[in-house]
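Pasting work_23.cif here (mmCIF, C-alpha atoms; chains and numbers go by the auth columns):
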data_structure
loop_
_atom_site.group_PDB
_atom_site.id
_atom_site.type_symbol
_atom_site.label_atom_id
_atom_site.label_comp_id
_atom_site.label_asym_id
_atom_site.label_seq_id
_atom_site.Cartn_x
_atom_site.Cartn_y
_atom_site.Cartn_z
_atom_site.B_iso_or_equiv
_atom_site.auth_seq_id
_atom_site.auth_asym_id
ATOM 1 C CA MET A 1 -22.655 -1.282 -29.663 0.00 1 H
ATOM 2 C CA ASP A 2 -19.977 -3.906 -30.342 0.00 2 H
ATOM 3 C CA ILE A 3 -21.574 -7.347 -30.874 0.00 3 H
ATOM 4 C CA ARG A 4 -19.125 -8.876 -28.420 0.00 4 H
ATOM 5 C CA ILE A 5 -20.207 -6.418 -25.731 0.00 5 H
ATOM 6 C CA LYS A 6 -23.869 -7.171 -26.495 0.00 6 H
ATOM 7 C CA ASN A 7 -23.189 -10.889 -26.140 0.00 7 H
ATOM 8 C CA GLU A 8 -21.520 -10.376 -22.760 0.00 8 H
ATOM 9 C CA ILE A 9 -24.413 -8.282 -21.467 0.00 9 H
ATOM 10 C CA GLU A 10 -26.806 -11.052 -22.495 0.00 10 H
ATOM 11 C CA HIS A 11 -24.504 -13.608 -20.907 0.00 11 H
ATOM 12 C CA GLY A 12 -24.637 -11.595 -17.700 0.00 12 H
ATOM 13 C CA LYS A 13 -28.430 -11.875 -17.707 0.00 13 H
ATOM 14 C CA PHE A 14 -28.093 -15.638 -18.163 0.00 14 H
ATOM 15 C CA LEU A 15 -25.618 -15.938 -15.290 0.00 15 H
ATOM 16 C CA ALA A 16 -27.735 -13.790 -12.992 0.00 16 H
ATOM 17 C CA GLY A 17 -30.778 -15.906 -13.693 0.00 17 H
ATOM 18 C CA HIS A 18 -29.194 -19.352 -13.499 0.00 18 H
ATOM 19 C CA GLY A 19 -26.745 -19.105 -10.596 0.00 19 H
ATOM 20 C CA ALA A 20 -23.376 -17.694 -11.600 0.00 20 H
ATOM 21 C CA GLY A 21 -21.477 -19.618 -8.921 0.00 21 H
ATOM 22 C CA GLU A 22 -22.712 -22.968 -10.198 0.00 22 H
ATOM 23 C CA ILE A 23 -21.938 -22.124 -13.825 0.00 23 H
ATOM 24 C CA TRP A 24 -18.487 -20.841 -12.863 0.00 24 H
ATOM 25 C CA ASN A 25 -17.903 -24.045 -10.861 0.00 25 H
ATOM 26 C CA TRP A 26 -17.086 -22.285 -7.575 0.00 26 H
ATOM 27 C CA GLU A 27 -19.703 -24.057 -5.448 0.00 27 H
ATOM 28 C CA SER A 28 -18.577 -27.699 -5.420 0.00 28 H
ATOM 29 C CA PRO A 29 -16.062 -28.846 -2.756 0.00 29 H
ATOM 30 C CA ALA A 30 -13.278 -28.952 -5.355 0.00 30 H
ATOM 31 C CA GLY A 31 -14.514 -25.694 -6.868 0.00 31 H
ATOM 32 C CA LYS A 32 -14.202 -23.927 -3.523 0.00 32 H
ATOM 33 C CA LEU A 33 -10.588 -25.032 -3.222 0.00 33 H
ATOM 34 C CA ARG A 34 -9.864 -23.788 -6.743 0.00 34 H
ATOM 35 C CA TRP A 35 -11.499 -20.461 -5.879 0.00 35 H
ATOM 36 C CA ALA A 36 -9.478 -20.095 -2.657 0.00 36 H
ATOM 37 C CA ARG A 37 -6.228 -20.731 -4.501 0.00 37 H
ATOM 38 C CA ARG A 38 -7.056 -18.031 -7.032 0.00 38 H
ATOM 39 C CA VAL A 39 -7.946 -15.595 -4.267 0.00 39 H
ATOM 40 C CA ASN A 40 -4.477 -16.042 -2.793 0.00 40 H
ATOM 41 C CA MET A 41 -2.741 -15.683 -6.160 0.00 41 H
ATOM 42 C CA LEU A 42 -4.617 -12.483 -6.980 0.00 42 H
ATOM 43 C CA THR A 43 -4.334 -10.761 -3.602 0.00 43 H
ATOM 44 C CA GLU A 44 -1.072 -11.796 -1.911 0.00 44 H
ATOM 45 C CA PHE A 45 0.861 -8.798 -3.282 0.00 45 H
ATOM 46 C CA ILE A 46 -1.831 -6.141 -2.652 0.00 46 H
ATOM 47 C CA LYS A 47 -0.954 -3.552 0.000 0.00 47 H
ATOM 48 C CA PRO A 48 -3.468 -1.628 2.133 0.00 48 H
ATOM 49 C CA GLU A 49 -4.577 1.808 0.945 0.00 49 H
ATOM 50 C CA ARG A 50 -3.415 1.139 -2.619 0.00 50 H
ATOM 51 C CA THR A 51 -5.869 1.355 -5.523 0.00 51 H
ATOM 52 C CA VAL A 52 -7.168 -1.821 -7.192 0.00 52 H
ATOM 53 C CA LEU A 53 -9.203 -2.195 -10.360 0.00 53 H
ATOM 54 C CA GLU A 54 -10.998 -5.530 -10.539 0.00 54 H
ATOM 55 C CA LEU A 55 -11.904 -6.240 -14.136 0.00 55 H
ATOM 56 C CA GLY A 56 -15.061 -8.307 -14.692 0.00 56 H
ATOM 57 C CA CYS A 57 -16.139 -8.552 -11.061 0.00 57 H
ATOM 58 C CA GLY A 58 -19.324 -10.508 -11.856 0.00 58 H
ATOM 59 C CA THR A 59 -21.328 -11.170 -8.701 0.00 59 H
ATOM 60 C CA GLY A 60 -18.470 -10.219 -6.380 0.00 60 H
ATOM 61 C CA TYR A 61 -17.003 -13.649 -5.607 0.00 61 H
ATOM 62 C CA PHE A 62 -13.469 -12.262 -5.611 0.00 62 H
ATOM 63 C CA THR A 63 -14.335 -8.666 -4.767 0.00 63 H
ATOM 64 C CA LYS A 64 -15.202 -9.476 -1.160 0.00 64 H
ATOM 65 C CA GLU A 65 -11.780 -11.075 -0.687 0.00 65 H
ATOM 66 C CA ILE A 66 -9.922 -8.232 -2.406 0.00 66 H
ATOM 67 C CA ALA A 67 -11.690 -5.840 -0.036 0.00 67 H
ATOM 68 C CA LYS A 68 -10.125 -7.645 2.933 0.00 68 H
ATOM 69 C CA THR A 69 -6.674 -6.429 1.854 0.00 69 H
ATOM 70 C CA GLY A 70 -7.619 -2.922 2.948 0.00 70 H
ATOM 71 C CA ALA A 71 -7.032 -1.537 -0.533 0.00 71 H
ATOM 72 C CA LYS A 72 -9.396 0.872 -2.264 0.00 72 H
ATOM 73 C CA VAL A 73 -11.221 -1.307 -4.781 0.00 73 H
ATOM 74 C CA VAL A 74 -13.043 -0.285 -7.924 0.00 74 H
ATOM 75 C CA ALA A 75 -14.865 -3.334 -9.306 0.00 75 H
ATOM 76 C CA ILE A 76 -16.246 -3.093 -12.832 0.00 76 H
ATOM 77 C CA ASP A 77 -18.380 -5.216 -15.117 0.00 77 H
ATOM 78 C CA ILE A 78 -20.287 -4.700 -18.354 0.00 78 H
ATOM 79 C CA SER A 79 -23.352 -6.491 -16.971 0.00 79 H
ATOM 80 C CA PRO A 80 -25.812 -4.394 -14.921 0.00 80 H
ATOM 81 C CA ASP A 81 -27.523 -7.612 -13.800 0.00 81 H
ATOM 82 C CA LEU A 82 -24.350 -9.046 -12.273 0.00 82 H
ATOM 83 C CA LEU A 83 -23.428 -5.707 -10.717 0.00 83 H
ATOM 84 C CA THR A 84 -26.785 -5.554 -8.944 0.00 84 H
ATOM 85 C CA ILE A 85 -26.040 -8.913 -7.321 0.00 85 H
ATOM 86 C CA ALA A 86 -22.451 -7.899 -6.511 0.00 86 H
ATOM 87 C CA LYS A 87 -23.553 -4.754 -4.705 0.00 87 H
ATOM 88 C CA GLY A 88 -25.798 -6.857 -2.490 0.00 88 H
ATOM 89 C CA ASN A 89 -23.090 -9.446 -1.855 0.00 89 H
ATOM 90 C CA VAL A 90 -20.273 -7.017 -1.025 0.00 90 H
ATOM 91 C CA PRO A 91 -21.448 -4.054 1.108 0.00 91 H
ATOM 92 C CA CYS A 92 -17.898 -2.901 1.885 0.00 92 H
ATOM 93 C CA PRO A 93 -17.027 0.801 2.347 0.00 93 H
ATOM 94 C CA ASN A 94 -13.726 0.431 0.472 0.00 94 H
ATOM 95 C CA VAL A 95 -15.394 -1.011 -2.667 0.00 95 H
ATOM 96 C CA SER A 96 -17.083 0.871 -5.501 0.00 96 H
ATOM 97 C CA PHE A 97 -18.984 -0.944 -8.254 0.00 97 H
ATOM 98 C CA LEU A 98 -19.210 0.611 -11.703 0.00 98 H
ATOM 99 C CA GLU A 99 -20.646 -0.419 -15.053 0.00 99 H
ATOM 100 C CA GLU A 100 -17.731 -0.011 -17.460 0.00 100 H
ATOM 101 C CA ASN A 101 -16.627 -1.144 -20.905 0.00 101 H
ATOM 102 C CA ALA A 102 -13.145 -2.674 -20.520 0.00 102 H
ATOM 103 C CA TYR A 103 -12.171 -1.298 -23.952 0.00 103 H
ATOM 104 C CA ARG A 104 -13.091 2.312 -23.162 0.00 104 H
ATOM 105 C CA MET A 105 -12.851 2.860 -19.424 0.00 105 H
ATOM 106 C CA THR A 106 -13.670 6.304 -18.032 0.00 106 H
ATOM 107 C CA PHE A 107 -10.682 6.392 -15.653 0.00 107 H
ATOM 108 C CA GLU A 108 -7.770 8.750 -16.104 0.00 108 H
ATOM 109 C CA ASN A 109 -4.341 7.528 -17.174 0.00 109 H
ATOM 110 C CA GLY A 110 -2.303 5.853 -14.432 0.00 110 H
ATOM 111 C CA ARG A 111 -5.173 5.645 -11.936 0.00 111 H
ATOM 112 C CA PHE A 112 -4.538 2.207 -10.381 0.00 112 H
ATOM 113 C CA ASP A 113 -1.718 0.448 -8.546 0.00 113 H
ATOM 114 C CA TYR A 114 -3.117 -2.950 -9.521 0.00 114 H
ATOM 115 C CA VAL A 115 -5.439 -4.327 -12.192 0.00 115 H
ATOM 116 C CA ILE A 116 -6.609 -7.864 -11.490 0.00 116 H
ATOM 117 C CA GLY A 117 -9.303 -10.324 -12.455 0.00 117 H
ATOM 118 C CA SER A 118 -10.361 -13.958 -12.574 0.00 118 H
ATOM 119 C CA SER A 119 -11.524 -15.547 -15.829 0.00 119 H
ATOM 120 C CA VAL A 120 -12.274 -12.237 -17.514 0.00 120 H
ATOM 121 C CA LEU A 121 -9.680 -11.564 -20.230 0.00 121 H
ATOM 122 C CA HIS A 122 -10.787 -14.563 -22.269 0.00 122 H
ATOM 123 C CA HIS A 123 -14.183 -12.884 -22.706 0.00 123 H
ATOM 124 C CA LEU A 124 -12.606 -9.807 -24.299 0.00 124 H
ATOM 125 C CA ASP A 125 -10.889 -8.662 -27.458 0.00 125 H
ATOM 126 C CA ILE A 126 -7.545 -9.189 -25.807 0.00 126 H
ATOM 127 C CA GLU A 127 -5.523 -6.596 -27.697 0.00 127 H
ATOM 128 C CA LYS A 128 -8.040 -3.822 -26.944 0.00 128 H
ATOM 129 C CA ALA A 129 -8.240 -4.916 -23.313 0.00 129 H
ATOM 130 C CA ILE A 130 -4.458 -5.026 -22.796 0.00 130 H
ATOM 131 C CA SER A 131 -4.034 -1.557 -24.270 0.00 131 H
ATOM 132 C CA GLU A 132 -6.671 -0.069 -21.965 0.00 132 H
ATOM 133 C CA ILE A 133 -5.360 -1.903 -18.892 0.00 133 H
ATOM 134 C CA TYR A 134 -1.893 -0.532 -19.617 0.00 134 H
ATOM 135 C CA ARG A 135 -3.303 2.980 -19.887 0.00 135 H
ATOM 136 C CA VAL A 136 -5.073 3.011 -16.505 0.00 136 H
ATOM 137 C CA LEU A 137 -2.210 1.297 -14.622 0.00 137 H
ATOM 138 C CA LYS A 138 0.360 3.387 -12.772 0.00 138 H
ATOM 139 C CA ASP A 139 4.037 3.180 -13.694 0.00 139 H
ATOM 140 C CA GLY A 140 5.414 0.314 -11.622 0.00 140 H
ATOM 141 C CA GLY A 141 1.909 -1.090 -11.184 0.00 141 H
ATOM 142 C CA ILE A 142 1.057 -4.788 -11.307 0.00 142 H
ATOM 143 C CA ILE A 143 -1.482 -6.794 -13.280 0.00 143 H
ATOM 144 C CA ALA A 144 -2.573 -10.293 -12.278 0.00 144 H
ATOM 145 C CA PHE A 145 -5.137 -12.568 -13.926 0.00 145 H
ATOM 146 C CA THR A 146 -6.129 -16.219 -13.803 0.00 146 H
ATOM 147 C CA GLU A 147 -7.414 -17.512 -17.134 0.00 147 H
ATOM 148 C CA PRO A 148 -8.212 -20.814 -18.899 0.00 148 H
ATOM 149 C CA ASN A 149 -5.352 -22.600 -20.660 0.00 149 H
ATOM 150 C CA MET A 150 -5.975 -23.508 -24.306 0.00 150 H
ATOM 151 C CA MET A 151 -3.453 -26.344 -24.035 0.00 151 H
ATOM 152 C CA ASN A 152 -5.792 -28.215 -21.696 0.00 152 H
ATOM 153 C CA PRO A 153 -7.757 -30.799 -23.746 0.00 153 H
ATOM 154 C CA GLN A 154 -11.124 -30.122 -22.115 0.00 154 H
ATOM 155 C CA ILE A 155 -10.702 -26.360 -22.344 0.00 155 H
ATOM 156 C CA ALA A 156 -9.702 -26.608 -26.006 0.00 156 H
ATOM 157 C CA LEU A 157 -12.851 -28.592 -26.834 0.00 157 H
ATOM 158 C CA GLN A 158 -15.135 -26.406 -24.732 0.00 158 H
ATOM 159 C CA LYS A 159 -13.891 -23.117 -26.182 0.00 159 H
ATOM 160 C CA ASN A 160 -13.867 -24.225 -29.826 0.00 160 H
ATOM 161 C CA ILE A 161 -17.041 -26.294 -30.232 0.00 161 H
ATOM 162 C CA PRO A 162 -20.184 -24.113 -30.182 0.00 162 H
ATOM 163 C CA TYR A 163 -22.434 -26.914 -28.902 0.00 163 H
ATOM 164 C CA LEU A 164 -20.167 -27.518 -25.889 0.00 164 H
ATOM 165 C CA LYS A 165 -19.959 -23.781 -25.238 0.00 165 H
ATOM 166 C CA ARG A 166 -23.739 -23.547 -24.991 0.00 166 H
ATOM 167 C CA LYS A 167 -24.045 -26.762 -22.995 0.00 167 H
ATOM 168 C CA LEU A 168 -21.456 -25.667 -20.416 0.00 168 H
ATOM 169 C CA GLY A 169 -22.754 -22.111 -20.027 0.00 169 H
ATOM 170 C CA ASP A 170 -20.080 -20.204 -21.953 0.00 170 H
ATOM 171 C CA SER A 171 -20.736 -16.957 -23.791 0.00 171 H
ATOM 172 C CA PRO A 172 -20.430 -17.118 -27.616 0.00 172 H
ATOM 173 C CA ASP A 173 -17.137 -15.234 -27.881 0.00 173 H
ATOM 174 C CA GLU A 174 -15.107 -16.473 -24.931 0.00 174 H
ATOM 175 C CA THR A 175 -11.923 -18.356 -25.639 0.00 175 H
ATOM 176 C CA ALA A 176 -8.736 -19.428 -23.792 0.00 176 H
ATOM 177 C CA PHE A 177 -5.056 -18.548 -24.050 0.00 177 H
ATOM 178 C CA PHE A 178 -1.770 -20.109 -25.054 0.00 178 H
ATOM 179 C CA ARG A 179 0.625 -18.729 -22.479 0.00 179 H
ATOM 180 C CA TRP A 180 3.378 -17.843 -24.960 0.00 180 H
ATOM 181 C CA LYS A 181 0.931 -15.863 -27.115 0.00 181 H
ATOM 182 C CA ILE A 182 -0.450 -13.800 -24.242 0.00 182 H
ATOM 183 C CA SER A 183 3.122 -13.226 -23.023 0.00 183 H
ATOM 184 C CA LYS A 184 4.078 -11.866 -26.448 0.00 184 H
ATOM 185 C CA LEU A 185 1.095 -9.504 -26.519 0.00 185 H
ATOM 186 C CA LEU A 186 1.862 -8.148 -23.057 0.00 186 H
ATOM 187 C CA LYS A 187 5.508 -7.517 -23.904 0.00 187 H
ATOM 188 C CA GLU A 188 4.576 -5.805 -27.165 0.00 188 H
ATOM 189 C CA GLN A 189 2.268 -3.497 -25.215 0.00 189 H
ATOM 190 C CA GLY A 190 5.160 -2.526 -22.950 0.00 190 H
ATOM 191 C CA PHE A 191 4.645 -4.676 -19.852 0.00 191 H
ATOM 192 C CA LYS A 192 7.786 -5.836 -18.030 0.00 192 H
ATOM 193 C CA LYS A 193 8.688 -8.848 -15.898 0.00 193 H
ATOM 194 C CA VAL A 194 5.966 -10.835 -17.622 0.00 194 H
ATOM 195 C CA ASP A 195 5.524 -14.144 -15.802 0.00 195 H
ATOM 196 C CA ILE A 196 2.922 -16.660 -16.952 0.00 196 H
ATOM 197 C CA MET A 197 2.655 -20.045 -15.307 0.00 197 H
ATOM 198 C CA THR A 198 0.322 -22.969 -15.813 0.00 198 H
ATOM 199 C CA PHE A 199 -1.504 -24.442 -12.820 0.00 199 H
ATOM 200 C CA ASP A 200 -4.546 -26.411 -11.685 0.00 200 H
ATOM 201 C CA PHE A 201 -5.197 -30.097 -12.319 0.00 201 H
ATOM 202 C CA LEU A 202 -8.118 -30.196 -9.880 0.00 202 H
ATOM 203 C CA HIS A 203 -11.373 -30.459 -11.833 0.00 203 H
ATOM 204 C CA PRO A 204 -14.397 -28.909 -10.048 0.00 204 H
ATOM 205 C CA ALA A 205 -16.404 -32.119 -10.518 0.00 205 H
ATOM 206 C CA ILE A 206 -13.944 -34.280 -8.546 0.00 206 H
ATOM 207 C CA PRO A 207 -15.827 -36.034 -5.678 0.00 207 H
ATOM 208 C CA PRO A 208 -14.666 -34.983 -2.188 0.00 208 H
ATOM 209 C CA ILE A 209 -13.268 -38.442 -1.417 0.00 209 H
ATOM 210 C CA PHE A 210 -10.714 -38.080 -4.244 0.00 210 H
ATOM 211 C CA ILE A 211 -9.732 -34.421 -3.775 0.00 211 H
ATOM 212 C CA LYS A 212 -6.691 -35.049 -1.562 0.00 212 H
ATOM 213 C CA THR A 213 -5.281 -37.616 -3.996 0.00 213 H
ATOM 214 C CA ILE A 214 -5.886 -35.447 -7.064 0.00 214 H
ATOM 215 C CA LEU A 215 -4.288 -32.461 -5.346 0.00 215 H
ATOM 216 C CA SER A 216 -1.184 -34.511 -4.643 0.00 216 H
ATOM 217 C CA ILE A 217 -1.007 -35.725 -8.235 0.00 217 H
ATOM 218 C CA GLY A 218 -1.702 -32.212 -9.503 0.00 218 H
ATOM 219 C CA ASN A 219 1.089 -30.688 -7.420 0.00 219 H
ATOM 220 C CA PHE A 220 3.484 -33.194 -8.957 0.00 220 H
ATOM 221 C CA CYS A 221 2.210 -32.536 -12.507 0.00 221 H
ATOM 222 C CA GLU A 222 2.620 -28.771 -12.091 0.00 222 H
ATOM 223 C CA LYS A 223 6.342 -29.344 -11.601 0.00 223 H
ATOM 224 C CA CYS A 224 6.797 -31.589 -14.666 0.00 224 H
ATOM 225 C CA PRO A 225 8.196 -29.543 -17.598 0.00 225 H
ATOM 226 C CA ILE A 226 5.960 -31.025 -20.310 0.00 226 H
ATOM 227 C CA VAL A 227 2.943 -32.250 -18.370 0.00 227 H
ATOM 228 C CA LYS A 228 2.367 -28.879 -16.676 0.00 228 H
ATOM 229 C CA GLU A 229 1.585 -27.316 -20.056 0.00 229 H
ATOM 230 C CA ILE A 230 -1.828 -29.042 -20.135 0.00 230 H
ATOM 231 C CA ALA A 231 -2.950 -27.733 -16.729 0.00 231 H
ATOM 232 C CA GLY A 232 -6.403 -26.174 -16.690 0.00 232 H
ATOM 233 C CA SER A 233 -5.405 -22.580 -16.042 0.00 233 H
ATOM 234 C CA ILE A 234 -2.701 -19.955 -16.440 0.00 234 H
ATOM 235 C CA PHE A 235 -1.658 -17.267 -13.966 0.00 235 H
ATOM 236 C CA ILE A 236 -0.584 -13.995 -15.560 0.00 236 H
ATOM 237 C CA LYS A 237 1.492 -11.439 -13.684 0.00 237 H
ATOM 238 C CA ALA A 238 3.322 -8.450 -15.123 0.00 238 H
ATOM 239 C CA TYR A 239 4.521 -4.930 -14.306 0.00 239 H
ATOM 240 C CA LYS A 240 4.250 -1.605 -16.091 0.00 240 H
#
As structure tokens, how would this structure be written, given the file I've shared?
Amino acid sequence: MDIRIKNEIEHGKFLAGHGAGEIWNWESPAGKLRWARRVNMLTEFIKPERTVLELGCGTGYFTKEIAKTGAKVVAIDISPDLLTIAKGNVPCPNVSFLEENAYRMTFENGRFDYVIGSSVLHHLDIEKAISEIYRVLKDGGIIAFTEPNMMNPQIALQKNIPYLKRKLGDSPDETAFFRWKISKLLKEQGFKKVDIMTFDFLHPAIPPIFIKTILSIGNFCEKCPIVKEIAGSIFIKAYK
């Protein structure tokens, strides 16, 4: 088995045992707002009865919201420990959970209308993942992902210093993306209408009393041509 896959399975055990939501920073007041924004970005274009592949579903934080679109959702992860939790968290009839390797998925070509995920691509060998995502996506289908931005100073330190990775609960191989590099890879694979934007200046540790102010400042910064490049996250959207 690929060492990277082994590391992610072990990381899944760690997350399952230590509270994935806390480690992923979705549980603080600011974290919940960040999560809600991502939910909207990843689901606003999904139509009922279409087929959705959620890559790296984890414990089902986003799966339960994707299910509300009325689409037929297949949620996959490499971690059996996280999938066990997800199945308990999301008992929806239009959702199926499967243990799958994102590099060698068992689905037929052109199976899905959408392939989406939150903070999953940066755990993977990106070129292998993009190739396989392209294969299982229908012609005209859409991909959408939210991922960490390597241009953000904190992200750059966290993803490149092993001590900080361990301290902050990262897996050994996860990284972050420069938006122009991921755009180039997607276009080389054959994706069209590739749109990658930076967003998110709201840190999950911001105290509730300051959230409104930081949101206002962040909204302004996201519109500034140079400043927006150091936002915490990128939103990836493209068509096949």
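Nearest residue to Arg50 of chain H among H:Glu65, H:His18, H:Phe112, H:Phe97 is H:Phe112, counting only C-alpha atoms.
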* Asked: So which residues get picked by the PyMOL selection byres ((chain H and resi 46) around 12) here, written as number ranges by chain?
  -> H: 39-45, 47-53, 65-73, 112-116, 141-144
* Residues in the PyMOL selection byres ((chain H and resi 147) around 12), expressed as a PyMOL selection string -> chain H and resi 38+42+116-124+144-146+148-152+155+174-179+182+196-200+231-237
* To do: Would you translate the PyMOL selection byres ((chain H and resi 59) around 8) into the concrete set of residues it matches in this file, as number ranges by chain?
  => H: 20, 57-58, 60-61, 82-87, 89
Serialized selection, C-alpha atoms, as a PDB file, in the coordinates of the input:
ATOM      1  CA  ALA H  20     -23.376 -17.694 -11.600  1.00  0.00           C
ATOM      2  CA  CYS H  57     -16.139  -8.552 -11.061  1.00  0.00           C
ATOM      3  CA  GLY H  58     -19.324 -10.508 -11.856  1.00  0.00           C
ATOM      4  CA  GLY H  60     -18.470 -10.219  -6.380  1.00  0.00           C
ATOM      5  CA  TYR H  61     -17.003 -13.649  -5.607  1.00  0.00           C
ATOM      6  CA  LEU H  82     -24.350  -9.046 -12.273  1.00  0.00           C
ATOM      7  CA  LEU H  83     -23.428  -5.707 -10.717  1.00  0.00           C
ATOM      8  CA  THR H  84     -26.785  -5.554  -8.944  1.00  0.00           C
ATOM      9  CA  ILE H  85     -26.040  -8.913  -7.321  1.00  0.00           C
ATOM     10  CA  ALA H  86     -22.451  -7.899  -6.511  1.00  0.00           C
ATOM     11  CA  LYS H  87     -23.553  -4.754  -4.705  1.00  0.00           C
ATOM     12  CA  ASN H  89     -23.090  -9.446  -1.855  1.00  0.00           C
TER      13      ASN H  89
END
* Asked: Closest to Lys181 of chain H among H:Ile126, H:Gly12, H:Lys193, H:Lys228, using all atoms listed in the file?
  ->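 Of H:Ile126, H:Gly12, H:Lys193, H:Lys228, the one nearest Lys181 of chain H, counting all atoms listed in the file, is H:Ile126.
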* To do: Using all atoms listed in the file, pick whichever of H:Ser171, H:Leu185, H:Ser79, H:Trp180 has the shortest atom-to-atom distance to Lys128 of chain H.
  => H:Leu185
* If you measure from atom CA of Tyr134 of chain H to atom CA of Lys240 of chain H, what distance in Å do you get, rounded to one decimal? ->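 That distance, rounded to one decimal, is 7.2 Å.
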Hey, could you patch up segment 21-39 of chain H with N, CA and C atoms and hand it over as a short mmCIF file (atom, residue, chain, number, x, y, z; two decimals), keeping the file's coordinate frame?
data_model
loop_
_atom_site.label_atom_id
_atom_site.label_comp_id
_atom_site.auth_asym_id
_atom_site.auth_seq_id
_atom_site.Cartn_x
_atom_site.Cartn_y
_atom_site.Cartn_z
N GLY H 21 -22.45 -18.79 -9.63
CA GLY H 21 -21.48 -19.62 -8.92
C GLY H 21 -21.46 -21.05 -9.40
N GLU H 22 -22.63 -21.59 -9.70
CA GLU H 22 -22.71 -22.97 -10.20
C GLU H 22 -22.12 -23.07 -11.60
N ILE H 23 -22.44 -22.11 -12.45
CA ILE H 23 -21.94 -22.12 -13.82
C ILE H 23 -20.43 -21.93 -13.85
N TRP H 24 -19.93 -21.08 -12.94
CA TRP H 24 -18.49 -20.84 -12.86
C TRP H 24 -17.75 -21.94 -12.10
N ASN H 25 -18.50 -22.89 -11.57
CA ASN H 25 -17.90 -24.04 -10.86
C ASN H 25 -17.18 -23.67 -9.57
N TRP H 26 -17.69 -22.66 -8.85
CA TRP H 26 -17.09 -22.28 -7.58
C TRP H 26 -17.78 -22.91 -6.37
N GLU H 27 -18.89 -23.62 -6.57
CA GLU H 27 -19.70 -24.06 -5.45
C GLU H 27 -19.46 -25.50 -5.00
N SER H 28 -18.86 -26.32 -5.83
CA SER H 28 -18.58 -27.70 -5.42
C SER H 28 -17.41 -27.71 -4.43
N PRO H 29 -17.21 -28.79 -3.68
CA PRO H 29 -16.06 -28.85 -2.76
C PRO H 29 -14.73 -28.58 -3.45
N ALA H 30 -14.52 -29.20 -4.61
CA ALA H 30 -13.28 -28.95 -5.36
C ALA H 30 -13.26 -27.53 -5.91
N GLY H 31 -14.42 -27.04 -6.34
CA GLY H 31 -14.51 -25.69 -6.87
C GLY H 31 -14.14 -24.64 -5.83
N LYS H 32 -14.53 -24.87 -4.59
CA LYS H 32 -14.20 -23.93 -3.52
C LYS H 32 -12.70 -23.88 -3.26
N LEU H 33 -12.04 -25.01 -3.38
CA LEU H 33 -10.59 -25.03 -3.22
C LEU H 33 -9.90 -24.30 -4.37
N ARG H 34 -10.41 -24.48 -5.58
CA ARG H 34 -9.86 -23.79 -6.74
C ARG H 34 -10.04 -22.28 -6.58
N TRP H 35 -11.21 -21.88 -6.10
CA TRP H 35 -11.50 -20.46 -5.88
C TRP H 35 -10.53 -19.88 -4.84
N ALA H 36 -10.34 -20.59 -3.73
CA ALA H 36 -9.48 -20.10 -2.66
C ALA H 36 -8.03 -19.93 -3.14
N ARG H 37 -7.59 -20.84 -3.98
CA ARG H 37 -6.23 -20.73 -4.50
C ARG H 37 -6.09 -19.48 -5.37
N ARG H 38 -7.08 -19.22 -6.18
CA ARG H 38 -7.06 -18.03 -7.03
C ARG H 38 -7.11 -16.75 -6.21
N VAL H 39 -7.89 -16.76 -5.16
CA VAL H 39 -7.95 -15.60 -4.27
C VAL H 39 -6.55 -15.26 -3.77
#
